[in-house]
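Structure file query20.csv (CSV, C-alpha atoms and all ligand atoms) is printed below.
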```csv
chain,number,residue,atom,x,y,z
A,22,ARG,CA,94.0,118.7,135.9
A,23,TYR,CA,91.0,119.3,133.7
A,24,ALA,CA,92.9,120.7,130.7
A,25,ILE,CA,92.1,117.8,128.4
A,26,ASN,CA,92.7,118.5,124.8
A,27,LEU,CA,89.5,119.6,123.2
A,28,ASN,CA,90.1,117.4,120.2
A,29,VAL,CA,89.9,114.3,122.4
A,30,ARG,CA,86.9,115.3,124.5
A,31,GLY,CA,83.8,113.5,123.4
A,32,ILE,CA,85.7,110.8,121.5
A,33,GLN,CA,84.8,107.4,122.9
A,34,PRO,CA,87.4,104.7,123.2
A,35,SER,CA,87.6,102.6,120.0
A,36,SER,CA,84.1,100.9,119.8
A,37,THR,CA,85.6,97.6,118.6
A,38,LEU,CA,87.6,97.3,121.8
A,39,ARG,CA,84.6,98.6,123.9
A,40,ILE,CA,82.3,95.9,122.6
A,41,ASN,CA,85.0,93.3,123.1
A,42,GLU,CA,85.4,94.4,126.8
A,43,LEU,CA,81.6,94.3,127.3
A,44,SER,CA,81.5,90.8,125.8
A,45,ASN,CA,84.3,89.6,128.0
A,46,GLN,CA,82.5,91.1,131.0
A,47,LEU,CA,79.3,89.3,130.2
A,48,LYS,CA,81.2,86.1,129.5
A,49,ALA,CA,82.9,86.4,133.0
A,50,GLU,CA,79.4,86.7,134.4
A,51,GLY,CA,78.7,83.3,133.0
A,52,LYS,CA,76.7,84.3,129.8
A,53,GLU,CA,77.4,82.6,126.6
A,54,ILE,CA,78.7,85.1,124.1
A,55,ILE,CA,79.2,84.8,120.4
A,56,LYS,CA,81.9,87.3,119.6
A,57,LEU,CA,81.3,88.7,116.2
A,58,GLY,CA,82.5,92.2,117.2
A,59,LEU,CA,86.3,92.2,117.1
A,60,GLY,CA,88.0,91.8,113.7
A,61,GLN,CA,90.8,89.6,114.8
A,62,SER,CA,92.3,86.8,112.7
A,63,PRO,CA,91.2,83.4,114.2
A,64,PHE,CA,94.2,81.6,112.7
A,65,PRO,CA,97.5,80.8,114.6
A,66,VAL,CA,100.7,82.6,113.4
A,67,PRO,CA,102.4,80.4,110.8
A,68,ASP,CA,104.9,77.9,112.4
A,69,ARG,CA,108.0,79.2,110.8
A,70,VAL,CA,107.2,82.8,111.9
A,71,VAL,CA,106.7,81.7,115.5
A,72,LYS,CA,110.0,79.8,115.4
A,73,ALA,CA,111.7,82.9,114.1
A,74,LEU,CA,110.3,84.9,117.0
A,75,GLN,CA,111.6,82.3,119.5
A,76,ALA,CA,115.0,82.3,117.9
A,77,HIS,CA,115.2,86.1,118.2
A,78,ALA,CA,113.9,86.5,121.7
A,79,HIS,CA,117.3,87.7,122.8
A,80,GLU,CA,117.4,90.6,120.4
A,81,LYS,CA,117.3,93.5,122.9
A,82,ASP,CA,118.6,96.5,121.2
A,83,TYR,CA,116.8,99.4,119.7
A,84,LEU,CA,116.5,99.0,115.9
A,85,PRO,CA,116.8,101.8,113.3
A,86,VAL,CA,113.8,104.1,113.4
A,87,LYS,CA,112.6,103.2,109.9
A,88,GLY,CA,113.0,99.5,110.6
A,89,LEU,CA,115.4,96.6,110.3
A,90,LYS,CA,117.1,96.6,106.9
A,91,GLY,CA,116.5,92.8,106.3
A,92,LEU,CA,112.8,93.2,107.0
A,93,ARG,CA,112.5,96.3,104.8
A,94,GLU,CA,114.1,94.3,102.0
A,95,ALA,CA,111.8,91.4,102.6
A,96,ILE,CA,108.8,93.8,102.4
A,97,ALA,CA,110.0,95.5,99.2
A,98,GLY,CA,110.3,92.0,97.6
A,99,TYR,CA,106.9,91.1,98.8
A,100,ILE,CA,105.3,94.2,97.4
A,101,ASN,CA,107.2,93.9,94.1
A,102,ARG,CA,105.9,90.3,93.7
A,103,GLY,CA,102.3,91.1,94.6
A,104,ALA,CA,101.7,94.7,93.3
A,105,LYS,CA,104.2,94.4,90.4
A,106,LEU,CA,106.0,97.5,91.6
A,107,ARG,CA,109.7,98.2,91.7
A,108,CYS,CA,110.3,99.5,95.2
A,109,THR,CA,113.5,99.2,97.2
A,110,TRP,CA,114.0,98.7,100.9
A,111,GLU,CA,114.4,102.4,101.3
A,112,ASP,CA,110.8,103.0,100.4
A,113,VAL,CA,109.6,100.9,103.3
A,114,LEU,CA,108.7,102.2,106.8
A,115,ILE,CA,108.0,99.8,109.7
A,116,GLY,CA,105.8,100.7,112.7
A,117,PRO,CA,104.1,99.1,115.7
A,118,GLY,CA,100.9,98.3,113.7
A,119,SER,CA,99.6,100.1,110.6
A,120,LYS,CA,97.2,102.0,112.9
A,121,GLU,CA,100.1,103.9,114.5
A,122,LEU,CA,101.5,104.6,111.0
A,123,LEU,CA,98.2,106.0,109.9
A,124,PHE,CA,98.2,108.3,112.8
A,125,ILE,CA,101.7,109.6,112.3
A,126,LEU,CA,101.0,110.0,108.6
A,127,GLN,CA,98.3,112.5,109.5
A,128,LEU,CA,100.7,114.2,111.9
A,129,ALA,CA,103.3,114.5,109.2
A,130,TYR,CA,101.0,115.6,106.4
A,131,TYR,CA,98.8,118.7,106.6
A,132,GLY,CA,95.7,117.8,104.7
A,133,ASP,CA,92.0,116.9,105.0
A,134,LEU,CA,91.1,113.3,105.3
A,135,LEU,CA,88.7,111.8,102.7
A,136,ILE,CA,87.1,108.5,103.6
A,137,PRO,CA,84.3,106.6,101.9
A,138,ARG,CA,81.3,105.9,104.2
A,139,PRO,CA,81.3,103.2,105.6
A,140,SER,CA,85.0,103.0,106.7
A,141,TRP,CA,87.0,101.4,109.5
A,142,VAL,CA,86.3,102.8,112.9
A,143,SER,CA,89.6,104.5,113.6
A,144,TYR,CA,90.3,106.7,110.6
A,145,ALA,CA,88.0,109.5,111.6
A,146,PRO,CA,88.8,109.6,115.3
A,147,GLN,CA,92.5,109.7,114.5
A,148,ALA,CA,92.0,112.7,112.3
A,149,ARG,CA,89.9,114.4,114.9
A,150,ILE,CA,92.5,113.9,117.6
A,151,ILE,CA,95.0,115.7,115.4
A,152,GLY,CA,92.5,118.4,114.6
A,153,ARG,CA,92.1,117.6,110.9
A,154,SER,CA,88.9,117.9,108.9
A,155,VAL,CA,87.2,114.6,107.9
A,156,HIS,CA,85.1,114.4,104.7
A,157,TRP,CA,82.9,111.3,104.4
A,158,LEU,CA,82.5,110.4,100.8
A,159,PRO,CA,79.0,109.1,99.9
A,160,THR,CA,78.7,105.5,98.6
A,161,HIS,CA,75.6,103.4,98.0
A,162,ALA,CA,74.4,99.9,98.9
A,163,GLU,CA,73.5,99.1,95.3
A,164,ASN,CA,77.1,99.8,94.4
A,165,ASN,CA,78.5,97.5,97.2
A,166,TRP,CA,79.2,100.7,99.3
A,167,GLN,CA,82.1,101.5,97.0
A,168,LEU,CA,83.4,104.9,96.2
A,169,THR,CA,83.0,105.9,92.5
A,170,ALA,CA,85.5,108.1,90.6
A,171,GLU,CA,82.6,110.5,89.8
A,172,GLU,CA,81.7,111.1,93.5
A,173,LEU,CA,85.4,111.6,94.3
A,174,ASP,CA,85.7,114.1,91.5
A,175,ILE,CA,82.7,116.0,92.7
A,176,ILE,CA,84.2,116.4,96.2
A,177,CYS,CA,87.6,117.5,94.9
A,178,ARG,CA,86.5,119.8,92.2
A,179,ASP,CA,85.4,122.7,94.5
A,180,ASP,CA,89.0,123.3,95.8
A,181,PRO,CA,91.2,121.4,93.4
A,182,THR,CA,94.6,122.3,94.9
A,183,ARG,CA,93.7,121.6,98.5
A,184,PRO,CA,96.0,119.1,100.2
A,185,ARG,CA,94.1,115.9,100.9
A,186,ILE,CA,94.6,112.2,101.9
A,187,LEU,CA,92.2,109.7,100.4
A,188,ILE,CA,92.0,106.4,102.3
A,189,LEU,CA,90.9,103.5,100.2
A,190,ASN,CA,90.5,100.1,102.0
A,191,TYR,CA,89.9,96.9,100.0
A,192,PRO,CA,88.9,94.2,100.7
A,193,SER,CA,86.9,96.5,103.0
A,194,ASN,CA,86.4,96.6,106.7
A,195,PRO,CA,83.3,96.7,107.3
A,196,THR,CA,81.8,95.3,104.0
A,197,GLY,CA,84.2,92.6,102.8
A,198,CYS,CA,83.8,94.0,99.3
A,199,THR,CA,86.6,94.9,97.0
A,200,TYR,CA,87.1,97.0,93.8
A,201,THR,CA,87.6,95.8,90.2
A,202,GLU,CA,90.6,96.8,88.3
A,203,ASP,CA,88.5,99.2,86.2
A,204,GLN,CA,87.2,100.9,89.3
A,205,LEU,CA,90.7,101.2,90.8
A,206,LEU,CA,91.9,102.7,87.5
A,207,ALA,CA,89.1,105.3,87.4
A,208,ILE,CA,89.7,106.3,91.1
A,209,ALA,CA,93.5,106.5,90.4
A,210,ASN,CA,92.9,108.9,87.5
A,211,VAL,CA,90.9,111.3,89.7
A,212,ALA,CA,93.5,111.0,92.5
A,213,ARG,CA,96.2,112.0,90.0
A,214,LYS,CA,94.2,114.9,88.7
A,215,TYR,CA,93.9,116.4,92.2
A,216,ARG,CA,97.4,115.2,93.3
A,217,LEU,CA,95.9,113.4,96.3
A,218,ILE,CA,97.9,111.3,98.7
A,219,LEU,CA,96.3,107.9,98.3
A,220,LEU,CA,96.6,105.7,101.3
A,221,SER,CA,95.8,102.2,100.0
A,222,ASP,CA,94.9,100.2,103.1
A,223,GLU,CA,95.6,96.7,101.9
A,224,ILE,CA,95.7,95.0,105.3
A,225,TYR,CA,93.2,92.4,104.1
A,226,GLY,CA,94.8,92.1,100.6
A,227,GLU,CA,96.0,88.5,101.3
A,228,VAL,CA,92.6,87.4,102.5
A,229,HIS,CA,90.9,88.1,99.3
A,230,PHE,CA,89.0,84.8,99.0
A,231,GLU,CA,90.2,84.1,95.5
A,232,GLY,CA,93.7,85.3,96.2
A,233,LYS,CA,93.2,87.9,93.5
A,234,HIS,CA,93.9,91.2,95.3
A,235,LYS,CA,95.2,94.0,93.0
A,236,SER,CA,96.8,97.2,94.3
A,237,ILE,CA,95.7,100.6,93.1
A,238,ALA,CA,99.4,101.5,93.3
A,239,ARG,CA,99.8,100.1,89.8
A,240,TYR,CA,97.6,102.9,88.4
A,241,TYR,CA,98.8,105.8,90.6
A,242,PRO,CA,102.3,104.7,91.6
A,243,GLU,CA,103.7,108.2,92.2
A,244,GLY,CA,101.0,109.2,94.8
A,245,THR,CA,100.1,105.9,96.5
A,246,ILE,CA,101.3,104.7,99.9
A,247,ILE,CA,100.5,101.0,100.5
A,248,SER,CA,99.6,100.0,104.0
A,249,THR,CA,99.8,96.4,105.3
A,250,GLY,CA,101.1,94.4,108.2
A,251,LEU,CA,101.0,91.0,109.9
A,252,SER,CA,97.8,91.5,111.8
A,253,LYS,CA,95.2,90.1,109.5
A,254,TRP,CA,96.8,87.6,107.1
A,255,ALA,CA,99.4,86.2,109.5
A,256,GLY,CA,97.2,86.0,112.6
A,257,ALA,CA,99.5,88.3,114.5
A,258,GLY,CA,97.4,91.3,115.5
A,259,GLY,CA,98.9,91.4,119.0
A,260,TRP,CA,102.4,91.4,117.8
A,261,ARG,CA,101.9,94.9,116.4
A,262,LEU,CA,103.7,95.1,113.2
A,263,GLY,CA,102.6,97.3,110.3
A,264,THR,CA,104.3,98.8,107.3
A,265,PHE,CA,103.9,101.6,104.8
A,266,ILE,CA,105.5,101.4,101.3
A,267,PHE,CA,106.1,104.8,99.7
A,268,PRO,CA,106.8,105.8,96.1
A,269,PRO,CA,110.2,107.6,95.8
A,270,GLU,CA,108.2,110.9,95.0
A,271,LEU,CA,106.9,110.8,98.6
A,272,ARG,CA,110.2,110.1,100.3
A,273,PRO,CA,110.1,113.5,102.2
A,274,LEU,CA,106.8,112.3,103.8
A,275,LEU,CA,108.4,109.0,104.8
A,276,ASP,CA,111.3,111.0,106.3
A,277,ALA,CA,108.9,113.3,108.2
A,278,MET,CA,107.1,110.3,109.6
A,279,ALA,CA,110.4,108.8,110.7
A,280,ILE,CA,111.2,112.0,112.6
A,281,ILE,CA,107.9,111.7,114.5
A,282,ALA,CA,108.6,108.0,115.1
A,283,SER,CA,112.0,108.8,116.5
A,284,GLU,CA,110.4,111.1,119.0
A,285,THR,CA,107.6,108.8,120.0
A,286,PHE,CA,107.9,105.0,119.7
A,287,THR,CA,111.6,105.0,118.7
A,288,SER,CA,111.4,101.7,116.8
A,289,THR,CA,109.2,98.6,116.6
A,290,SER,CA,110.0,95.7,118.9
A,291,ALA,CA,113.2,94.0,117.7
A,292,PRO,CA,112.2,90.3,118.0
A,293,ILE,CA,109.0,90.9,116.2
A,294,GLN,CA,110.8,92.6,113.3
A,295,TYR,CA,113.1,89.6,112.9
A,296,ALA,CA,110.2,87.2,113.1
A,297,ALA,CA,108.3,89.1,110.4
A,298,ILE,CA,111.1,88.5,107.8
A,299,PRO,CA,110.0,84.9,106.9
A,300,ALA,CA,106.3,86.0,106.7
A,301,PHE,CA,107.1,88.6,104.1
A,302,GLU,CA,109.7,86.4,102.3
A,303,GLY,CA,107.0,83.8,101.9
A,304,GLY,CA,107.5,80.3,100.7
A,305,GLU,CA,105.4,77.2,100.2
A,306,ASP,CA,104.4,76.9,103.8
A,307,ILE,CA,103.1,80.6,103.9
A,308,GLU,CA,101.3,80.1,100.6
A,309,ASP,CA,99.6,76.9,101.9
A,310,TYR,CA,98.6,78.7,105.1
A,311,LEU,CA,97.1,81.6,103.0
A,312,VAL,CA,95.3,79.2,100.7
A,313,GLN,CA,93.7,77.4,103.6
A,314,SER,CA,92.8,80.6,105.4
A,315,ARG,CA,91.1,82.0,102.3
A,316,ARG,CA,89.1,78.7,101.9
A,317,VAL,CA,87.9,78.7,105.5
A,318,LEU,CA,86.9,82.4,105.4
A,319,LYS,CA,85.1,82.1,102.0
A,320,VAL,CA,83.0,79.1,103.2
A,321,ILE,CA,82.0,80.9,106.4
A,322,GLY,CA,81.5,84.3,104.8
A,323,GLU,CA,79.3,82.8,102.1
A,324,TYR,CA,77.3,80.7,104.6
A,325,VAL,CA,76.6,83.7,106.9
A,326,HIS,CA,75.7,85.9,103.8
A,327,ARG,CA,73.2,83.3,102.7
A,328,ARG,CA,71.6,83.0,106.2
A,329,LEU,CA,71.4,86.7,106.6
A,330,THR,CA,69.8,87.1,103.2
A,331,GLU,CA,67.3,84.3,103.9
A,332,MET,CA,66.4,86.1,107.2
A,333,GLY,CA,65.5,89.2,105.2
A,334,ALA,CA,68.5,91.4,105.9
A,335,GLU,CA,70.0,93.3,103.0
A,336,VAL,CA,73.7,92.4,102.7
A,337,GLN,CA,76.5,92.4,100.1
A,338,LYS,CA,78.4,89.2,99.3
A,339,PRO,CA,81.9,89.4,100.8
A,340,GLU,CA,84.9,88.9,98.5
A,341,GLY,CA,87.5,89.0,101.3
A,342,ALA,CA,88.4,90.0,104.9
A,343,PHE,CA,86.3,88.7,107.8
A,344,TYR,CA,83.2,91.0,107.6
A,345,LEU,CA,79.7,91.5,106.4
A,346,PHE,CA,77.7,94.7,106.7
A,347,PRO,CA,74.0,93.8,106.8
A,348,ASN,CA,71.2,96.3,107.0
A,349,PHE,CA,68.3,95.3,109.2
A,350,SER,CA,65.9,98.1,108.2
A,351,ALA,CA,63.4,95.4,106.9
A,352,PHE,CA,62.8,94.8,110.6
A,353,ARG,CA,62.3,98.5,111.4
A,354,ASP,CA,58.6,98.1,112.4
A,355,GLN,CA,59.2,95.2,114.8
A,356,LEU,CA,62.2,97.0,116.3
A,357,ASP,CA,60.2,100.3,116.6
A,358,LYS,CA,57.7,98.5,118.8
A,359,ARG,CA,60.5,97.6,121.2
A,360,ASP,CA,61.7,101.2,121.1
A,361,ILE,CA,64.9,100.2,119.2
A,362,LYS,CA,65.5,103.0,116.7
A,363,THR,CA,69.3,103.2,116.3
A,364,SER,CA,72.0,100.8,115.3
A,365,GLN,CA,73.6,101.3,118.7
A,366,ALA,CA,70.4,100.4,120.5
A,367,PHE,CA,70.0,97.4,118.2
A,368,CYS,CA,73.5,96.0,118.9
A,369,GLN,CA,73.2,96.6,122.6
A,370,ALA,CA,69.8,94.8,122.7
A,371,LEU,CA,71.2,91.9,120.6
A,372,LEU,CA,74.2,91.5,122.9
A,373,GLU,CA,72.1,91.6,126.1
A,374,ASN,CA,69.3,89.4,124.9
A,375,THR,CA,71.0,86.9,122.7
A,376,GLY,CA,74.7,87.1,123.6
A,377,VAL,CA,75.7,88.0,120.0
A,378,ALA,CA,78.2,90.8,119.8
A,379,ILE,CA,78.3,92.9,116.6
A,380,LEU,CA,79.2,96.6,115.9
A,381,PRO,CA,76.6,99.3,115.0
A,382,ALA,CA,76.8,101.1,111.6
A,383,SER,CA,77.1,104.4,113.5
A,384,ASP,CA,80.7,103.4,114.3
A,385,PHE,CA,81.4,103.3,110.6
A,386,GLY,CA,80.2,106.8,109.8
A,387,PHE,CA,76.4,106.3,109.4
A,388,VAL,CA,73.7,108.4,111.0
A,389,PRO,CA,72.4,106.8,114.2
A,390,ASP,CA,69.1,105.5,112.7
A,391,HIS,CA,70.7,103.6,109.8
A,392,LEU,CA,69.9,100.1,111.0
A,393,GLY,CA,73.1,98.5,109.8
A,394,ALA,CA,75.8,96.6,111.7
A,395,ARG,CA,79.2,95.0,111.1
A,396,LEU,CA,79.5,91.4,111.7
A,397,ALA,CA,83.0,89.8,112.0
A,398,PHE,CA,82.6,86.0,111.3
A,399,VAL,CA,85.7,84.9,113.2
A,400,ASP,CA,84.5,83.4,116.5
A,401,PHE,CA,85.7,79.9,115.8
A,402,ASP,CA,88.7,77.8,116.4
A,403,GLY,CA,91.0,78.8,113.6
A,404,ALA,CA,93.6,76.2,114.2
A,405,GLN,CA,91.0,73.4,113.9
A,406,ALA,CA,89.4,75.0,110.9
A,407,LEU,CA,92.8,75.3,109.1
A,408,ALA,CA,93.5,71.6,109.8
A,409,LEU,CA,90.1,70.7,108.5
A,410,ALA,CA,90.5,72.8,105.4
A,411,ALA,CA,93.9,71.3,104.8
A,412,THR,CA,92.4,67.8,104.7
A,413,GLU,CA,88.8,68.3,103.4
A,414,PHE,CA,89.7,70.7,100.6
A,415,ALA,CA,93.1,69.2,99.8
A,416,ASP,CA,92.0,68.3,96.3
A,417,ALA,CA,89.7,71.2,95.7
M,501,LIG,N1,93.1,99.1,108.7
M,501,LIG,C1,91.9,98.4,108.8
M,501,LIG,C2,90.9,98.5,107.7
M,501,LIG,C3,91.7,97.5,109.9
M,501,LIG,O1,90.6,96.8,110.0
M,501,LIG,C4,92.7,97.5,110.9
M,501,LIG,C5,92.5,96.7,112.1
M,501,LIG,O2,91.4,96.3,112.5
M,501,LIG,C6,93.9,98.3,110.8
M,501,LIG,C7,94.0,99.0,109.6
M,501,LIG,C8,94.9,98.3,111.8
M,501,LIG,O3,95.7,97.1,111.8
M,501,LIG,P1,97.1,97.0,112.6
M,501,LIG,O4,97.3,98.3,113.4
M,501,LIG,O5,96.9,95.8,113.5
M,501,LIG,O6,98.1,96.9,111.6
```
Final C-alpha cells representation of the file:
Amino acid sequence: RYAINLNVRGIQPSSTLRINELSNQLKAEGKEIIKLGLGQSPFPVPDRVVKALQAHAHEKDYLPVKGLKGLREAIAGYINRGAKLRCTWEDVLIGPGSKELLFILQLAYYGDLLIPRPSWVSYAPQARIIGRSVHWLPTHAENNWQLTAEELDIICRDDPTRPRILILNYPSNPTGCTYTEDQLLAIANVARKYRLILLSDEIYGEVHFEGKHKSIARYYPEGTIISTGLSKWAGAGGWRLGTFIFPPELRPLLDAMAIIASETFTSTSAPIQYAAIPAFEGGEDIEDYLVQSRRVLKVIGEYVHRRLTEMGAEVQKPEGAFYLFPNFSAFRDQLDKRDIKTSQAFCQALLENTGVAILPASDFGFVPDHLGARLAFVDFDGAQALALAATEFADA
C-alpha cells in the first residue's frame, strides 16, 4: 500500500493547477480573486473549428496511434508554411496535449534533460518521475533570461558524447521573451556539435505579438523536434491536442514514442482530431483571429509591463505569450519586515491579502529566496476583447 515510486515522492502536484484550485476555493468563499496564475488562453476557439467539432461528434472509433492522416497532413502543411521546412505527414505525431508527448519523449529517449532556468513548471518534474537527470542551464536577467550558445557549450563540453535533450521554449513561459535569429543560429550550431536532441517548444509561436516567430528547426533541421498544439493559439487547452514534428533522421524516436502511446493512451480523441484539421489548415478567418489575439495580448502585456516597471519591479518586456516574469527584490526590506523571505511566501501572502494569484519563481527553477514571480495576464473576457480589437484596431 505504501510502495509509492520513490521518483514521485516529494513532487507536489503541478503548482499552476494548485494555485488555480486555491484561487477557486477562495472565490467560492466569496473573495474576489484576480487569476493571474493559470496560463490559459482567454480567447474562444475559432468558430470554424468549433463547428468542425460539432460535425464530428459522432466519430467514435479509435484512430491510428500516430494520429489521423488528414490531420497529420494539415500539420505538415502548417509547419512547412511557417518554419519553411519540407516535412511530410509521416513526420508528424499527434498526442493528447504536448505535455503528454514531452513525457513520452523522455520515456522513449535515454538522455539527460537540459533546461534553461527559468523554464515551464512541468519539464523538470516529468524528468524526475522517469528518473532522468535534470541540468538547469544558467541564464541572466540582463540577457532577457535567455540561454546563450556559450553557456550551452560549457555544459556540454565536459562529456561531449553524452545523450541529451535540450528544451528551448520561445516565446517563453514564464518570461514572454523570445530569441533573435542570430541567437537561434548560434544555439543550433552548438546543438549540432554535441548531437543534442533539440526539443523546440513552440506552443506560443503563433502568439508572438508581431507574428514574427521563427523556428530553430531551420538551423538544425536534422536534430530538432518541433512541439506545438491547439492549447495556446486556438484557445483549446481543455481539448487536449498536441503535436510533435520530427525530422526524418529521428523517425526511430517517433516510432518508439508511438509504441509507448499504443500501450498507454492508444490515440487522441477522434472528434478533436477532426476538429483540429481546419485550425492547422488555416485560412482568412484563422489569420484574423490570430491577428486580433496578438493585438489584444500585446496591448495588455505592454501595459502590465509599464505598470510593474513604474512600481519598481525589474521586468523584461514581453514579445509574445501571456506572461511576465517580474523580480520584486527591490521590495526585499519591506517584505523582510513582514517575514516574507521566499517567492512562495510572497505569492501566498499576495493571494491571501489582495486576491491576486501569481506563481512563485521557485516553481520555475529558482532558489526559494529569489523574489520573482510569473504573472499570466489573461484574466479578462477574451471574447469581448477580440470583438473590441476587431473594431477598434480594424485600420491599425
Ligand atoms: N509547453 C509550455 C511552455 C507550456 O506553457 C504548456 C502549457 O502550459 C505546455 C507546453 C503544454 O501544453 P499542452 O499540453 O496543453 O499542449
Check your understanding: Looking at A:Val312, A:Ala397, A:Ala366, A:Ala129, which one is nearest to ligand LIG 501 (chain M), with distances taken over only C-alpha atoms and all ligand atoms?
Key ->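 For ligand LIG 501 (chain M), the nearest of the candidates is A:Ala397.
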Check which residues of chain A sit at most 10 Å from ligand LIG 501 (chain M) using only C-alpha atoms and all ligand atoms, and return one row each with the closest pair of atoms and their distance in Å to one decimal, ordered by chain and rising number, as JSON lines.
```
{"residue": "A:Thr37", "atom": "CA", "partner": "M:LIG501", "partner_atom": "O2", "distance": 8.5}
{"residue": "A:Leu59", "atom": "CA", "partner": "M:LIG501", "partner_atom": "O2", "distance": 8.0}
{"residue": "A:Gly60", "atom": "CA", "partner": "M:LIG501", "partner_atom": "O2", "distance": 5.8}
{"residue": "A:Gln61", "atom": "CA", "partner": "M:LIG501", "partner_atom": "O2", "distance": 7.1}
{"residue": "A:Ser62", "atom": "CA", "partner": "M:LIG501", "partner_atom": "O2", "distance": 9.5}
{"residue": "A:Gly116", "atom": "CA", "partner": "M:LIG501", "partner_atom": "O6", "distance": 8.7}
{"residue": "A:Pro117", "atom": "CA", "partner": "M:LIG501", "partner_atom": "O4", "distance": 7.2}
{"residue": "A:Gly118", "atom": "CA", "partner": "M:LIG501", "partner_atom": "O4", "distance": 3.6}
{"residue": "A:Ser119", "atom": "CA", "partner": "M:LIG501", "partner_atom": "O6", "distance": 3.7}
{"residue": "A:Lys120", "atom": "CA", "partner": "M:LIG501", "partner_atom": "O4", "distance": 3.7}
{"residue": "A:Glu121", "atom": "CA", "partner": "M:LIG501", "partner_atom": "O4", "distance": 6.4}
{"residue": "A:Leu122", "atom": "CA", "partner": "M:LIG501", "partner_atom": "O4", "distance": 7.9}
{"residue": "A:Leu123", "atom": "CA", "partner": "M:LIG501", "partner_atom": "C7", "distance": 8.2}
{"residue": "A:Ser140", "atom": "CA", "partner": "M:LIG501", "partner_atom": "C2", "distance": 7.5}
{"residue": "A:Trp141", "atom": "CA", "partner": "M:LIG501", "partner_atom": "C2", "distance": 5.2}
{"residue": "A:Val142", "atom": "CA", "partner": "M:LIG501", "partner_atom": "O1", "distance": 7.9}
{"residue": "A:Ser143", "atom": "CA", "partner": "M:LIG501", "partner_atom": "C6", "distance": 8.0}
{"residue": "A:Tyr144", "atom": "CA", "partner": "M:LIG501", "partner_atom": "N1", "distance": 8.3}
{"residue": "A:Ile188", "atom": "CA", "partner": "M:LIG501", "partner_atom": "C2", "distance": 9.6}
{"residue": "A:Leu189", "atom": "CA", "partner": "M:LIG501", "partner_atom": "C2", "distance": 9.0}
{"residue": "A:Asn190", "atom": "CA", "partner": "M:LIG501", "partner_atom": "C2", "distance": 5.9}
{"residue": "A:Tyr191", "atom": "CA", "partner": "M:LIG501", "partner_atom": "C2", "distance": 7.9}
{"residue": "A:Pro192", "atom": "CA", "partner": "M:LIG501", "partner_atom": "C2", "distance": 8.5}
{"residue": "A:Ser193", "atom": "CA", "partner": "M:LIG501", "partner_atom": "C2", "distance": 6.5}
{"residue": "A:Asn194", "atom": "CA", "partner": "M:LIG501", "partner_atom": "C2", "distance": 5.0}
{"residue": "A:Pro195", "atom": "CA", "partner": "M:LIG501", "partner_atom": "O1", "distance": 7.8}
{"residue": "A:Ser221", "atom": "CA", "partner": "M:LIG501", "partner_atom": "N1", "distance": 9.6}
{"residue": "A:Asp222", "atom": "CA", "partner": "M:LIG501", "partner_atom": "N1", "distance": 6.0}
{"residue": "A:Glu223", "atom": "CA", "partner": "M:LIG501", "partner_atom": "N1", "distance": 7.6}
{"residue": "A:Ile224", "atom": "CA", "partner": "M:LIG501", "partner_atom": "N1", "distance": 5.9}
{"residue": "A:Tyr225", "atom": "CA", "partner": "M:LIG501", "partner_atom": "C2", "distance": 7.4}
{"residue": "A:Ser248", "atom": "CA", "partner": "M:LIG501", "partner_atom": "C7", "distance": 8.0}
{"residue": "A:Thr249", "atom": "CA", "partner": "M:LIG501", "partner_atom": "O6", "distance": 6.5}
{"residue": "A:Gly250", "atom": "CA", "partner": "M:LIG501", "partner_atom": "O6", "distance": 5.2}
{"residue": "A:Leu251", "atom": "CA", "partner": "M:LIG501", "partner_atom": "O6", "distance": 6.8}
{"residue": "A:Ser252", "atom": "CA", "partner": "M:LIG501", "partner_atom": "O5", "distance": 4.7}
{"residue": "A:Lys253", "atom": "CA", "partner": "M:LIG501", "partner_atom": "O5", "distance": 7.2}
{"residue": "A:Gly256", "atom": "CA", "partner": "M:LIG501", "partner_atom": "O5", "distance": 9.8}
{"residue": "A:Ala257", "atom": "CA", "partner": "M:LIG501", "partner_atom": "O5", "distance": 8.0}
{"residue": "A:Gly258", "atom": "CA", "partner": "M:LIG501", "partner_atom": "O5", "distance": 4.9}
{"residue": "A:Gly259", "atom": "CA", "partner": "M:LIG501", "partner_atom": "O5", "distance": 7.3}
{"residue": "A:Trp260", "atom": "CA", "partner": "M:LIG501", "partner_atom": "O5", "distance": 8.3}
{"residue": "A:Arg261", "atom": "CA", "partner": "M:LIG501", "partner_atom": "O5", "distance": 5.8}
{"residue": "A:Leu262", "atom": "CA", "partner": "M:LIG501", "partner_atom": "O6", "distance": 6.1}
{"residue": "A:Gly263", "atom": "CA", "partner": "M:LIG501", "partner_atom": "O6", "distance": 4.7}
{"residue": "A:Thr264", "atom": "CA", "partner": "M:LIG501", "partner_atom": "O6", "distance": 7.8}
{"residue": "A:Ala342", "atom": "CA", "partner": "M:LIG501", "partner_atom": "O1", "distance": 8.8}
{"residue": "A:Phe343", "atom": "CA", "partner": "M:LIG501", "partner_atom": "O1", "distance": 9.4}
{"residue": "A:Tyr344", "atom": "CA", "partner": "M:LIG501", "partner_atom": "O1", "distance": 9.7}
```
Item to complete: Please identify all polymer residues within 12 Å of Thr109 of chain A, counting only C-alpha atoms, omitting same-chain residues fewer than 5 positions from it, and present them as a PyMOL selection string.
Response: chain A and resi 90-101+114+266-269+272
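In this comparison, which uses all atoms listed in the file, the residue of A:Asp402, A:Leu27, A:Trp254, A:Arg185 approaching Phe301 of chain A most closely is A:Trp254.
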Identify, on the basis of all atoms listed in the file, every residue whose closest approach to segment 350-365 of chain A does not exceed 7 Å; exclude the query and any residue fewer than 6 positions from it along the same chain; express the result as a list in words.
-> Gly333, Ala334, Pro381, Ala382, Ser383, Pro389, Asp390, His391, Leu392, Gly393 and Ala394 of chain A
Taking 3 positions as the minimum chain separation for residues in the same chain, which residues sit within 12 Å of Asn41 of chain A when counting only C-alpha atoms? Answer as a ChimeraX atom specification. /A:34-38,44-48,54-61,372,377-380,397,400
Exercise for the section: Determine the nearest neighbour of Lys52 of chain A from the options A:Leu173, A:Thr375, A:Ala370, A:Gly226, counting all atoms listed in the file. Expected result: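 Selected residue with least distance to Lys52 of chain A: A:Thr375.
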Which residues come within 10 Å of Thr245 of chain A, counting all atoms listed in the file, excluding same-chain residues fewer than 6 positions away, as a list of chain:residue names?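 Everything that qualifies: A:Ile186, A:Leu187, A:Ile188, A:Ala209, A:Ala212, A:Arg213, A:Leu217, A:Ile218, A:Leu219, A:Leu220, A:Ser221, A:Ser236, A:Ile237, A:Ala238, A:Arg239, A:Ile266, A:Phe267, A:Pro268, A:Glu270, A:Leu271.
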